[in-house]
file query.cif (mmCIF, C-alpha atoms and all ligand atoms; chains and numbers go by the auth columns)
data_final
loop_
_atom_site.group_PDB
_atom_site.id
_atom_site.type_symbol
_atom_site.label_atom_id
_atom_site.label_comp_id
_atom_site.label_asym_id
_atom_site.label_seq_id
_atom_site.Cartn_x
_atom_site.Cartn_y
_atom_site.Cartn_z
_atom_site.B_iso_or_equiv
_atom_site.auth_seq_id
_atom_site.auth_asym_id
ATOM 1 C CA MET A 1 0.000 0.000 0.000 0.00 1 A
ATOM 2 C CA GLU A 2 2.840 2.408 0.783 0.00 2 A
ATOM 3 C CA ASP A 3 4.082 2.449 -2.799 0.00 3 A
ATOM 4 C CA LEU A 4 0.674 3.363 -4.157 0.00 4 A
ATOM 5 C CA ARG A 5 1.146 5.896 -6.925 0.00 5 A
ATOM 6 C CA LEU A 6 -1.015 8.975 -6.405 0.00 6 A
ATOM 7 C CA SER A 7 0.012 10.907 -9.527 0.00 7 A
ATOM 8 C CA LYS A 8 2.662 10.617 -12.243 0.00 8 A
ATOM 9 C CA ASN A 9 5.572 11.492 -9.912 0.00 9 A
ATOM 10 C CA PHE A 10 4.169 11.094 -6.402 0.00 10 A
ATOM 11 C CA HIS A 11 3.712 8.040 -4.239 0.00 11 A
ATOM 12 C CA LEU A 12 1.783 7.576 -1.023 0.00 12 A
ATOM 13 C CA ASN A 13 4.933 6.990 1.022 0.00 13 A
ATOM 14 C CA GLU A 14 6.051 10.584 0.381 0.00 14 A
ATOM 15 C CA PHE A 15 2.811 11.817 1.953 0.00 15 A
ATOM 16 C CA ILE A 16 2.814 9.610 5.051 0.00 16 A
ATOM 17 C CA LYS A 17 6.519 9.536 5.916 0.00 17 A
ATOM 18 C CA SER A 18 7.212 11.306 9.207 0.00 18 A
ATOM 19 C CA SER A 19 10.338 11.246 11.343 0.00 19 A
ATOM 20 C CA THR A 20 8.197 12.105 14.376 0.00 20 A
ATOM 21 C CA ALA A 21 5.893 9.140 13.692 0.00 21 A
ATOM 22 C CA GLU A 22 8.917 6.845 13.282 0.00 22 A
ATOM 23 C CA ARG A 23 10.581 8.111 16.423 0.00 23 A
ATOM 24 C CA MET A 24 7.418 7.831 18.516 0.00 24 A
ATOM 25 C CA GLY A 25 6.137 4.622 16.948 0.00 25 A
ATOM 26 C CA ILE A 26 2.959 6.288 15.687 0.00 26 A
ATOM 27 C CA ASP A 27 0.986 4.581 12.913 0.00 27 A
ATOM 28 C CA ASN A 28 0.544 7.210 10.196 0.00 28 A
ATOM 29 C CA SER A 29 -1.403 5.138 7.661 0.00 29 A
ATOM 30 C CA PRO A 30 -4.449 6.904 6.232 0.00 30 A
ATOM 31 C CA ALA A 31 -7.498 5.789 8.185 0.00 31 A
ATOM 32 C CA THR A 32 -10.023 5.757 5.351 0.00 32 A
ATOM 33 C CA THR A 33 -10.312 5.455 1.568 0.00 33 A
ATOM 34 C CA GLU A 34 -11.585 9.034 1.639 0.00 34 A
ATOM 35 C CA HIS A 35 -8.183 10.162 2.937 0.00 35 A
ATOM 36 C CA LEU A 36 -6.426 8.321 0.110 0.00 36 A
ATOM 37 C CA ILE A 37 -8.716 9.904 -2.458 0.00 37 A
ATOM 38 C CA ASN A 38 -8.043 13.344 -0.973 0.00 38 A
ATOM 39 C CA LEU A 39 -4.272 12.767 -1.126 0.00 39 A
ATOM 40 C CA SER A 40 -4.508 11.678 -4.746 0.00 40 A
ATOM 41 C CA VAL A 41 -6.588 14.744 -5.648 0.00 41 A
ATOM 42 C CA LEU A 42 -4.069 16.955 -3.809 0.00 42 A
ATOM 43 C CA ALA A 43 -1.169 15.317 -5.659 0.00 43 A
ATOM 44 C CA HIS A 44 -2.864 15.874 -9.034 0.00 44 A
ATOM 45 C CA ALA A 45 -4.029 19.434 -8.393 0.00 45 A
ATOM 46 C CA ILE A 46 -1.029 20.890 -6.563 0.00 46 A
ATOM 47 C CA LEU A 47 2.114 18.752 -6.248 0.00 47 A
ATOM 48 C CA GLN A 48 2.221 17.385 -9.791 0.00 48 A
ATOM 49 C CA PRO A 49 1.927 20.775 -11.556 0.00 49 A
ATOM 50 C CA VAL A 50 4.588 22.183 -9.175 0.00 50 A
ATOM 51 C CA ARG A 51 6.828 19.168 -9.955 0.00 51 A
ATOM 52 C CA GLU A 52 6.374 19.707 -13.689 0.00 52 A
ATOM 53 C CA GLU A 53 7.385 23.365 -13.370 0.00 53 A
ATOM 54 C CA PHE A 54 10.270 23.108 -10.891 0.00 54 A
ATOM 55 C CA GLY A 55 11.451 19.484 -10.748 0.00 55 A
ATOM 56 C CA ILE A 56 11.798 17.413 -7.616 0.00 56 A
ATOM 57 C CA ILE A 57 9.717 18.601 -4.670 0.00 57 A
ATOM 58 C CA ARG A 58 10.357 17.544 -1.089 0.00 58 A
ATOM 59 C CA ILE A 59 7.242 16.917 0.984 0.00 59 A
ATOM 60 C CA ASN A 60 7.962 17.714 4.636 0.00 60 A
ATOM 61 C CA SER A 61 4.517 16.752 5.879 0.00 61 A
ATOM 62 C CA GLY A 62 1.462 15.396 4.089 0.00 62 A
ATOM 63 C CA TYR A 63 -1.125 13.207 5.779 0.00 63 A
ATOM 64 C CA ARG A 64 -1.201 13.225 9.588 0.00 64 A
ATOM 65 C CA SER A 65 -3.085 10.656 11.604 0.00 65 A
ATOM 66 C CA PRO A 66 -4.804 12.190 14.663 0.00 66 A
ATOM 67 C CA ALA A 67 -2.015 10.811 16.900 0.00 67 A
ATOM 68 C CA LEU A 68 0.736 12.308 14.744 0.00 68 A
ATOM 69 C CA ASN A 69 -1.075 15.646 14.471 0.00 69 A
ATOM 70 C CA LYS A 70 -1.277 15.796 18.243 0.00 70 A
ATOM 71 C CA ALA A 71 2.421 14.882 18.557 0.00 71 A
ATOM 72 C CA VAL A 72 3.493 17.699 16.214 0.00 72 A
ATOM 73 C CA GLY A 73 1.157 20.225 17.849 0.00 73 A
ATOM 74 C CA GLY A 74 -1.006 20.652 14.738 0.00 74 A
ATOM 75 C CA SER A 75 -4.314 22.504 14.781 0.00 75 A
ATOM 76 C CA LYS A 76 -7.308 20.280 15.611 0.00 76 A
ATOM 77 C CA THR A 77 -8.941 21.243 12.324 0.00 77 A
ATOM 78 C CA SER A 78 -5.732 20.740 10.312 0.00 78 A
ATOM 79 C CA GLN A 79 -6.400 19.806 6.702 0.00 79 A
ATOM 80 C CA HIS A 80 -3.359 17.520 6.978 0.00 80 A
ATOM 81 C CA CYS A 81 -5.610 15.144 8.949 0.00 81 A
ATOM 82 C CA ASN A 82 -7.988 14.834 5.980 0.00 82 A
ATOM 83 C CA GLY A 83 -5.200 14.303 3.447 0.00 83 A
ATOM 84 C CA GLU A 84 -6.092 17.686 1.969 0.00 84 A
ATOM 85 C CA ALA A 85 -2.837 19.544 2.701 0.00 85 A
ATOM 86 C CA ALA A 86 0.914 19.201 2.303 0.00 86 A
ATOM 87 C CA ASP A 87 3.980 21.185 3.403 0.00 87 A
ATOM 88 C CA PHE A 88 6.705 21.140 0.776 0.00 88 A
ATOM 89 C CA GLU A 89 9.640 22.929 -0.801 0.00 89 A
ATOM 90 C CA SER A 90 11.746 22.915 -3.935 0.00 90 A
ATOM 91 C CA THR A 91 15.540 22.930 -4.299 0.00 91 A
ATOM 92 C CA LYS A 92 15.236 25.107 -7.420 0.00 92 A
ATOM 93 C CA ILE A 93 13.160 28.022 -6.202 0.00 93 A
ATOM 94 C CA SER A 94 12.797 29.926 -2.938 0.00 94 A
ATOM 95 C CA ASN A 95 9.743 29.371 -0.766 0.00 95 A
ATOM 96 C CA PRO A 96 8.308 32.875 -1.393 0.00 96 A
ATOM 97 C CA ASP A 97 8.742 32.450 -5.160 0.00 97 A
ATOM 98 C CA LEU A 98 7.177 28.991 -5.020 0.00 98 A
ATOM 99 C CA ALA A 99 4.179 30.328 -3.095 0.00 99 A
ATOM 100 C CA LYS A 100 3.852 33.201 -5.579 0.00 100 A
ATOM 101 C CA TRP A 101 3.883 30.798 -8.538 0.00 101 A
ATOM 102 C CA ILE A 102 1.167 28.641 -6.970 0.00 102 A
ATOM 103 C CA SER A 103 -0.942 31.720 -6.192 0.00 103 A
ATOM 104 C CA GLU A 104 -0.770 32.796 -9.845 0.00 104 A
ATOM 105 C CA ASN A 105 -1.112 29.435 -11.566 0.00 105 A
ATOM 106 C CA LEU A 106 -3.142 26.923 -9.536 0.00 106 A
ATOM 107 C CA ILE A 107 -6.549 26.556 -7.931 0.00 107 A
ATOM 108 C CA PHE A 108 -6.177 25.843 -4.198 0.00 108 A
ATOM 109 C CA ASP A 109 -8.104 26.035 -0.969 0.00 109 A
ATOM 110 C CA GLN A 110 -5.439 27.579 1.272 0.00 110 A
ATOM 111 C CA LEU A 111 -1.881 28.597 0.466 0.00 111 A
ATOM 112 C CA ILE A 112 0.377 29.587 3.360 0.00 112 A
ATOM 113 C CA LEU A 113 3.977 30.752 3.185 0.00 113 A
ATOM 114 C CA GLU A 114 5.047 29.390 6.560 0.00 114 A
ATOM 115 C CA PHE A 115 7.917 30.681 8.684 0.00 115 A
ATOM 116 C CA TYR A 116 9.988 32.215 5.886 0.00 116 A
ATOM 117 C CA ASP A 117 12.392 34.544 7.724 0.00 117 A
ATOM 118 C CA GLY A 118 12.619 37.191 4.985 0.00 118 A
ATOM 119 C CA LYS A 119 16.333 36.478 4.374 0.00 119 A
ATOM 120 C CA ASP A 120 17.210 32.830 3.836 0.00 120 A
ATOM 121 C CA PRO A 121 15.341 31.727 0.651 0.00 121 A
ATOM 122 C CA ASN A 122 15.144 28.181 2.029 0.00 122 A
ATOM 123 C CA SER A 123 13.777 29.098 5.432 0.00 123 A
ATOM 124 C CA GLY A 124 10.279 27.855 6.199 0.00 124 A
ATOM 125 C CA TRP A 125 8.139 25.980 3.683 0.00 125 A
ATOM 126 C CA VAL A 126 4.966 26.219 1.613 0.00 126 A
ATOM 127 C CA HIS A 127 1.688 24.765 2.918 0.00 127 A
ATOM 128 C CA CYS A 128 -1.029 24.217 0.341 0.00 128 A
ATOM 129 C CA SER A 129 -4.423 22.536 0.558 0.00 129 A
ATOM 130 C CA TYR A 130 -6.993 21.476 -2.005 0.00 130 A
ATOM 131 C CA LYS A 131 -10.579 20.287 -1.660 0.00 131 A
ATOM 132 C CA LYS A 132 -12.133 17.979 -4.197 0.00 132 A
ATOM 133 C CA ASP A 133 -15.678 19.293 -3.795 0.00 133 A
ATOM 134 C CA ASP A 134 -15.313 22.642 -5.611 0.00 134 A
ATOM 135 C CA THR A 135 -15.270 24.694 -2.432 0.00 135 A
ATOM 136 C CA ASN A 136 -11.673 25.865 -2.811 0.00 136 A
ATOM 137 C CA ARG A 137 -11.409 29.291 -1.183 0.00 137 A
ATOM 138 C CA GLY A 138 -8.192 30.566 -2.766 0.00 138 A
ATOM 139 C CA SER A 139 -7.113 31.872 0.634 0.00 139 A
ATOM 140 C CA ILE A 140 -3.526 33.193 0.801 0.00 140 A
ATOM 141 C CA LEU A 141 -1.677 33.759 4.083 0.00 141 A
ATOM 142 C CA THR A 142 1.796 34.225 5.502 0.00 142 A
ATOM 143 C CA ALA A 143 2.575 32.601 8.856 0.00 143 A
ATOM 144 C CA LEU A 144 5.169 34.347 11.010 0.00 144 A
ATOM 145 C CA ARG A 145 6.648 33.474 14.374 0.00 145 A
ATOM 146 C CA VAL A 146 6.539 36.533 16.592 0.00 146 A
ATOM 147 C CA ASN A 147 7.859 36.159 20.134 0.00 147 A
ATOM 148 C CA GLY A 148 7.328 32.413 19.938 0.00 148 A
ATOM 149 C CA LYS A 149 3.714 32.725 18.745 0.00 149 A
ATOM 150 C CA THR A 150 2.333 32.101 15.277 0.00 150 A
ATOM 151 C CA GLN A 151 0.726 35.065 13.548 0.00 151 A
ATOM 152 C CA TYR A 152 -1.128 34.881 10.238 0.00 152 A
ATOM 153 C CA LYS A 153 -1.172 37.811 7.834 0.00 153 A
ATOM 154 C CA LYS A 154 -3.208 38.116 4.660 0.00 154 A
ATOM 155 C CA GLY A 155 -1.353 37.693 1.395 0.00 155 A
ATOM 156 C CA LEU A 156 2.266 36.778 0.716 0.00 156 A
ATOM 157 C CA LEU A 157 4.838 38.797 2.662 0.00 157 A
ATOM 158 C CA PRO A 158 7.160 40.415 1.963 0.00 158 A
HETATM 159 ZN ZN ZN B . 0.857 22.411 6.686 0.00 201 A
#
call {"tool": "encode", "arguments": {"input": "query.cif", "output": "structure tokens"}}
result
Amino acid sequence: MEDLRLSKNFHLNEFIKSSTAERMGIDNSPATTEHLINLSVLAHAILQPVREEFGIIRINSGYRSPALNKAVGGSKTSQHCNGEAADFESTKISNPDLAKWISENLIFDQLILEFYDGKDPNSGWVHCSYKKDDTNRGSILTALRVNGKTQYKKGLLP
């Protein structure tokens, strides 16, 4: 099951691999077929077009089982838990430029440039979600860490 191909260049194992899950012995297999379908839709709508534009993409976090989400301190309503979101980055393009390209070229539910420090092009990552039911909001945010707390601002900064 782990080698299930979700799109031309993406396999399930890339979306469920987690060093935290491995370290803590957490089972991070998708709980339902619905989750697998969501991951496949996400791979087709977001990851595959990004891969075709920029080459190899590293997925830092895709699906999160409830136990893993709790372990990493994720939001209770995290779209990662539905297989609707992934955090990723490219070796060819900076995170702000990657987020900008997605915002201009793809349909998405929520795009967040997360924890980019404004200097190091590889700092942070891009979070993007996609919903298969045509309710994609096209919401764009930047997440910043200010005094140890996460703040969300509208749009892509800077
Ligand atoms: Zn995320």
call {"tool": "residues_near_ligand", "arguments": {"input": "query.cif", "ligand": "ligand ZN 201 (chain A)", "cutoff": "12 Å", "atoms": "only C-alpha atoms and all ligand atoms", "output": "ChimeraX atom specification"}}
result
/A:15,59-64,69,72-75,77-89,110-115,124-130,141-143
call {"tool": "residues_around", "arguments": {"input": "query.cif", "residues": "Asn28 of chain A", "least_positions_apart": "2", "cutoff": "7 Å", "atoms": "all atoms listed in the file", "output": "number ranges by chain"}}
result
A: 16, 21, 26, 30, 64-65, 68
call {"tool": "atom_distance", "arguments": {"input": "query.cif", "atom1": "atom CA of Leu47 of chain A", "atom2": "atom CA of Lys70 of chain A"}}
result
24.9 Å
call {"tool": "closest_residue", "arguments": {"input": "query.cif", "among": "A:Leu36, A:Ala45, A:Met24, A:Leu157", "to": "Lys100 of chain A", "atoms": "all atoms listed in the file"}}
result
A:Leu157
call {"tool": "atom_distance", "arguments": {"input": "query.cif", "atom1": "atom CA of Glu53 of chain A", "atom2": "atom CA of Lys8 of chain A"}}
result
13.6 Å
call {"tool": "closest_residue", "arguments": {"input": "query.cif", "among": "A:Arg145, A:Lys131, A:Lys119, A:Arg5", "to": "Ile46 of chain A", "atoms": "all atoms listed in the file"}}
result
A:Lys131
call {"tool": "resolve_selection", "arguments": {"input": "query.cif", "expression": "the PyMOL selection byres (((chain A and resi 10) around 12) and not hetatm)", "output": "count of residues only"}}
result
34
call {"tool": "closest_residue", "arguments": {"input": "query.cif", "among": "A:Phe108, A:Ser90, A:Pro96, A:Pro66", "to": "Lys132 of chain A", "atoms": "all atoms listed in the file"}}
result
A:Phe108
call {"tool": "decode", "arguments": {"input": "query.cif", "residues": "segment 47-87 of chain A", "atoms": "N, CA and C atoms", "output": "PDB file, in the first residue's frame"}}
result
ATOM      1  N   LEU A  47       0.727  19.223  -6.214  1.00  0.00           N
ATOM      2  CA  LEU A  47       2.114  18.752  -6.248  1.00  0.00           C
ATOM      3  C   LEU A  47       2.606  18.440  -7.658  1.00  0.00           C
ATOM      4  N   GLN A  48       1.781  17.782  -8.453  1.00  0.00           N
ATOM      5  CA  GLN A  48       2.221  17.385  -9.791  1.00  0.00           C
ATOM      6  C   GLN A  48       2.510  18.601 -10.684  1.00  0.00           C
ATOM      7  N   PRO A  49       1.598  19.593 -10.751  1.00  0.00           N
ATOM      8  CA  PRO A  49       1.927  20.775 -11.556  1.00  0.00           C
ATOM      9  C   PRO A  49       3.177  21.507 -11.056  1.00  0.00           C
ATOM     10  N   VAL A  50       3.391  21.540  -9.733  1.00  0.00           N
ATOM     11  CA  VAL A  50       4.588  22.183  -9.175  1.00  0.00           C
ATOM     12  C   VAL A  50       5.826  21.388  -9.607  1.00  0.00           C
ATOM     13  N   ARG A  51       5.732  20.061  -9.543  1.00  0.00           N
ATOM     14  CA  ARG A  51       6.828  19.168  -9.955  1.00  0.00           C
ATOM     15  C   ARG A  51       7.172  19.380 -11.426  1.00  0.00           C
ATOM     16  N   GLU A  52       6.127  19.542 -12.254  1.00  0.00           N
ATOM     17  CA  GLU A  52       6.374  19.707 -13.689  1.00  0.00           C
ATOM     18  C   GLU A  52       7.038  21.049 -13.987  1.00  0.00           C
ATOM     19  N   GLU A  53       6.787  22.047 -13.159  1.00  0.00           N
ATOM     20  CA  GLU A  53       7.385  23.365 -13.370  1.00  0.00           C
ATOM     21  C   GLU A  53       8.808  23.445 -12.797  1.00  0.00           C
ATOM     22  N   PHE A  54       9.016  22.863 -11.624  1.00  0.00           N
ATOM     23  CA  PHE A  54      10.270  23.108 -10.891  1.00  0.00           C
ATOM     24  C   PHE A  54      11.105  21.868 -10.601  1.00  0.00           C
ATOM     25  N   GLY A  55      10.680  20.693 -11.038  1.00  0.00           N
ATOM     26  CA  GLY A  55      11.451  19.484 -10.748  1.00  0.00           C
ATOM     27  C   GLY A  55      11.113  18.924  -9.372  1.00  0.00           C
ATOM     28  N   ILE A  56      12.062  18.170  -8.845  1.00  0.00           N
ATOM     29  CA  ILE A  56      11.798  17.413  -7.616  1.00  0.00           C
ATOM     30  C   ILE A  56      11.348  18.315  -6.464  1.00  0.00           C
ATOM     31  N   ILE A  57      10.307  17.875  -5.787  1.00  0.00           N
ATOM     32  CA  ILE A  57       9.717  18.601  -4.670  1.00  0.00           C
ATOM     33  C   ILE A  57       9.841  17.719  -3.429  1.00  0.00           C
ATOM     34  N   ARG A  58      10.289  18.317  -2.328  1.00  0.00           N
ATOM     35  CA  ARG A  58      10.357  17.544  -1.089  1.00  0.00           C
ATOM     36  C   ARG A  58       9.137  17.828  -0.236  1.00  0.00           C
ATOM     37  N   ILE A  59       8.414  16.762   0.121  1.00  0.00           N
ATOM     38  CA  ILE A  59       7.242  16.917   0.984  1.00  0.00           C
ATOM     39  C   ILE A  59       7.697  16.735   2.432  1.00  0.00           C
ATOM     40  N   ASN A  60       7.557  17.784   3.222  1.00  0.00           N
ATOM     41  CA  ASN A  60       7.962  17.714   4.636  1.00  0.00           C
ATOM     42  C   ASN A  60       6.882  17.062   5.482  1.00  0.00           C
ATOM     43  N   SER A  61       5.637  17.317   5.130  1.00  0.00           N
ATOM     44  CA  SER A  61       4.517  16.752   5.879  1.00  0.00           C
ATOM     45  C   SER A  61       3.301  16.698   4.970  1.00  0.00           C
ATOM     46  N   GLY A  62       2.674  15.521   4.897  1.00  0.00           N
ATOM     47  CA  GLY A  62       1.462  15.396   4.089  1.00  0.00           C
ATOM     48  C   GLY A  62       0.334  14.989   5.002  1.00  0.00           C
ATOM     49  N   TYR A  63      -0.072  13.715   4.904  1.00  0.00           N
ATOM     50  CA  TYR A  63      -1.125  13.207   5.779  1.00  0.00           C
ATOM     51  C   TYR A  63      -0.628  13.112   7.221  1.00  0.00           C
ATOM     52  N   ARG A  64      -1.505  13.433   8.163  1.00  0.00           N
ATOM     53  CA  ARG A  64      -1.201  13.225   9.588  1.00  0.00           C
ATOM     54  C   ARG A  64      -2.358  12.505  10.244  1.00  0.00           C
ATOM     55  N   SER A  65      -2.077  11.347  10.807  1.00  0.00           N
ATOM     56  CA  SER A  65      -3.085  10.656  11.604  1.00  0.00           C
ATOM     57  C   SER A  65      -3.359  11.531  12.823  1.00  0.00           C
ATOM     58  N   PRO A  66      -4.512  11.375  13.478  1.00  0.00           N
ATOM     59  CA  PRO A  66      -4.804  12.190  14.663  1.00  0.00           C
ATOM     60  C   PRO A  66      -3.682  12.126  15.704  1.00  0.00           C
ATOM     61  N   ALA A  67      -3.086  10.949  15.901  1.00  0.00           N
ATOM     62  CA  ALA A  67      -2.015  10.811  16.900  1.00  0.00           C
ATOM     63  C   ALA A  67      -0.785  11.613  16.490  1.00  0.00           C
ATOM     64  N   LEU A  68      -0.424  11.552  15.206  1.00  0.00           N
ATOM     65  CA  LEU A  68       0.736  12.308  14.744  1.00  0.00           C
ATOM     66  C   LEU A  68       0.467  13.809  14.827  1.00  0.00           C
ATOM     67  N   ASN A  69      -0.742  14.217  14.432  1.00  0.00           N
ATOM     68  CA  ASN A  69      -1.075  15.646  14.471  1.00  0.00           C
ATOM     69  C   ASN A  69      -0.942  16.190  15.885  1.00  0.00           C
ATOM     70  N   LYS A  70      -1.391  15.389  16.842  1.00  0.00           N
ATOM     71  CA  LYS A  70      -1.277  15.796  18.243  1.00  0.00           C
ATOM     72  C   LYS A  70       0.200  15.898  18.637  1.00  0.00           C
ATOM     73  N   ALA A  71       0.994  14.907  18.200  1.00  0.00           N
ATOM     74  CA  ALA A  71       2.421  14.882  18.557  1.00  0.00           C
ATOM     75  C   ALA A  71       3.180  16.080  17.997  1.00  0.00           C
ATOM     76  N   VAL A  72       2.784  16.562  16.810  1.00  0.00           N
ATOM     77  CA  VAL A  72       3.493  17.699  16.214  1.00  0.00           C
ATOM     78  C   VAL A  72       2.833  19.031  16.569  1.00  0.00           C
ATOM     79  N   GLY A  73       1.813  18.985  17.408  1.00  0.00           N
ATOM     80  CA  GLY A  73       1.157  20.225  17.849  1.00  0.00           C
ATOM     81  C   GLY A  73       0.347  20.895  16.763  1.00  0.00           C
ATOM     82  N   GLY A  74      -0.194  20.091  15.823  1.00  0.00           N
ATOM     83  CA  GLY A  74      -1.006  20.652  14.738  1.00  0.00           C
ATOM     84  C   GLY A  74      -2.368  21.118  15.226  1.00  0.00           C
ATOM     85  N   SER A  75      -2.972  22.023  14.467  1.00  0.00           N
ATOM     86  CA  SER A  75      -4.314  22.504  14.781  1.00  0.00           C
ATOM     87  C   SER A  75      -5.310  21.346  14.705  1.00  0.00           C
ATOM     88  N   LYS A  76      -6.322  21.370  15.574  1.00  0.00           N
ATOM     89  CA  LYS A  76      -7.308  20.280  15.611  1.00  0.00           C
ATOM     90  C   LYS A  76      -8.078  20.154  14.311  1.00  0.00           C
ATOM     91  N   THR A  77      -8.188  21.263  13.584  1.00  0.00           N
ATOM     92  CA  THR A  77      -8.941  21.243  12.324  1.00  0.00           C
ATOM     93  C   THR A  77      -7.990  21.173  11.130  1.00  0.00           C
ATOM     94  N   SER A  78      -6.732  20.767  11.381  1.00  0.00           N
ATOM     95  CA  SER A  78      -5.732  20.740  10.312  1.00  0.00           C
ATOM     96  C   SER A  78      -6.194  19.926   9.105  1.00  0.00           C
ATOM     97  N   GLN A  79      -6.042  20.523   7.932  1.00  0.00           N
ATOM     98  CA  GLN A  79      -6.400  19.806   6.702  1.00  0.00           C
ATOM     99  C   GLN A  79      -5.437  18.658   6.423  1.00  0.00           C
ATOM    100  N   HIS A  80      -4.281  18.661   7.102  1.00  0.00           N
ATOM    101  CA  HIS A  80      -3.359  17.520   6.978  1.00  0.00           C
ATOM    102  C   HIS A  80      -4.054  16.231   7.425  1.00  0.00           C
ATOM    103  N   CYS A  81      -4.934  16.335   8.410  1.00  0.00           N
ATOM    104  CA  CYS A  81      -5.610  15.144   8.949  1.00  0.00           C
ATOM    105  C   CYS A  81      -6.634  14.557   7.980  1.00  0.00           C
ATOM    106  N   ASN A  82      -7.052  15.338   7.001  1.00  0.00           N
ATOM    107  CA  ASN A  82      -7.988  14.834   5.980  1.00  0.00           C
ATOM    108  C   ASN A  82      -7.265  14.433   4.695  1.00  0.00           C
ATOM    109  N   GLY A  83      -5.945  14.571   4.684  1.00  0.00           N
ATOM    110  CA  GLY A  83      -5.200  14.303   3.447  1.00  0.00           C
ATOM    111  C   GLY A  83      -5.421  15.396   2.420  1.00  0.00           C
ATOM    112  N   GLU A  84      -5.797  16.580   2.895  1.00  0.00           N
ATOM    113  CA  GLU A  84      -6.092  17.686   1.969  1.00  0.00           C
ATOM    114  C   GLU A  84      -4.963  18.710   1.884  1.00  0.00           C
ATOM    115  N   ALA A  85      -3.896  18.528   2.677  1.00  0.00           N
ATOM    116  CA  ALA A  85      -2.837  19.544   2.701  1.00  0.00           C
ATOM    117  C   ALA A  85      -1.462  18.900   2.751  1.00  0.00           C
ATOM    118  N   ALA A  86      -0.477  19.632   2.212  1.00  0.00           N
ATOM    119  CA  ALA A  86       0.914  19.201   2.303  1.00  0.00           C
ATOM    120  C   ALA A  86       1.806  20.416   2.528  1.00  0.00           C
ATOM    121  N   ASP A  87       2.917  20.191   3.235  1.00  0.00           N
ATOM    122  CA  ASP A  87       3.980  21.185   3.403  1.00  0.00           C
ATOM    123  C   ASP A  87       5.127  20.702   2.533  1.00  0.00           C
TER     124      ASP A  87
END
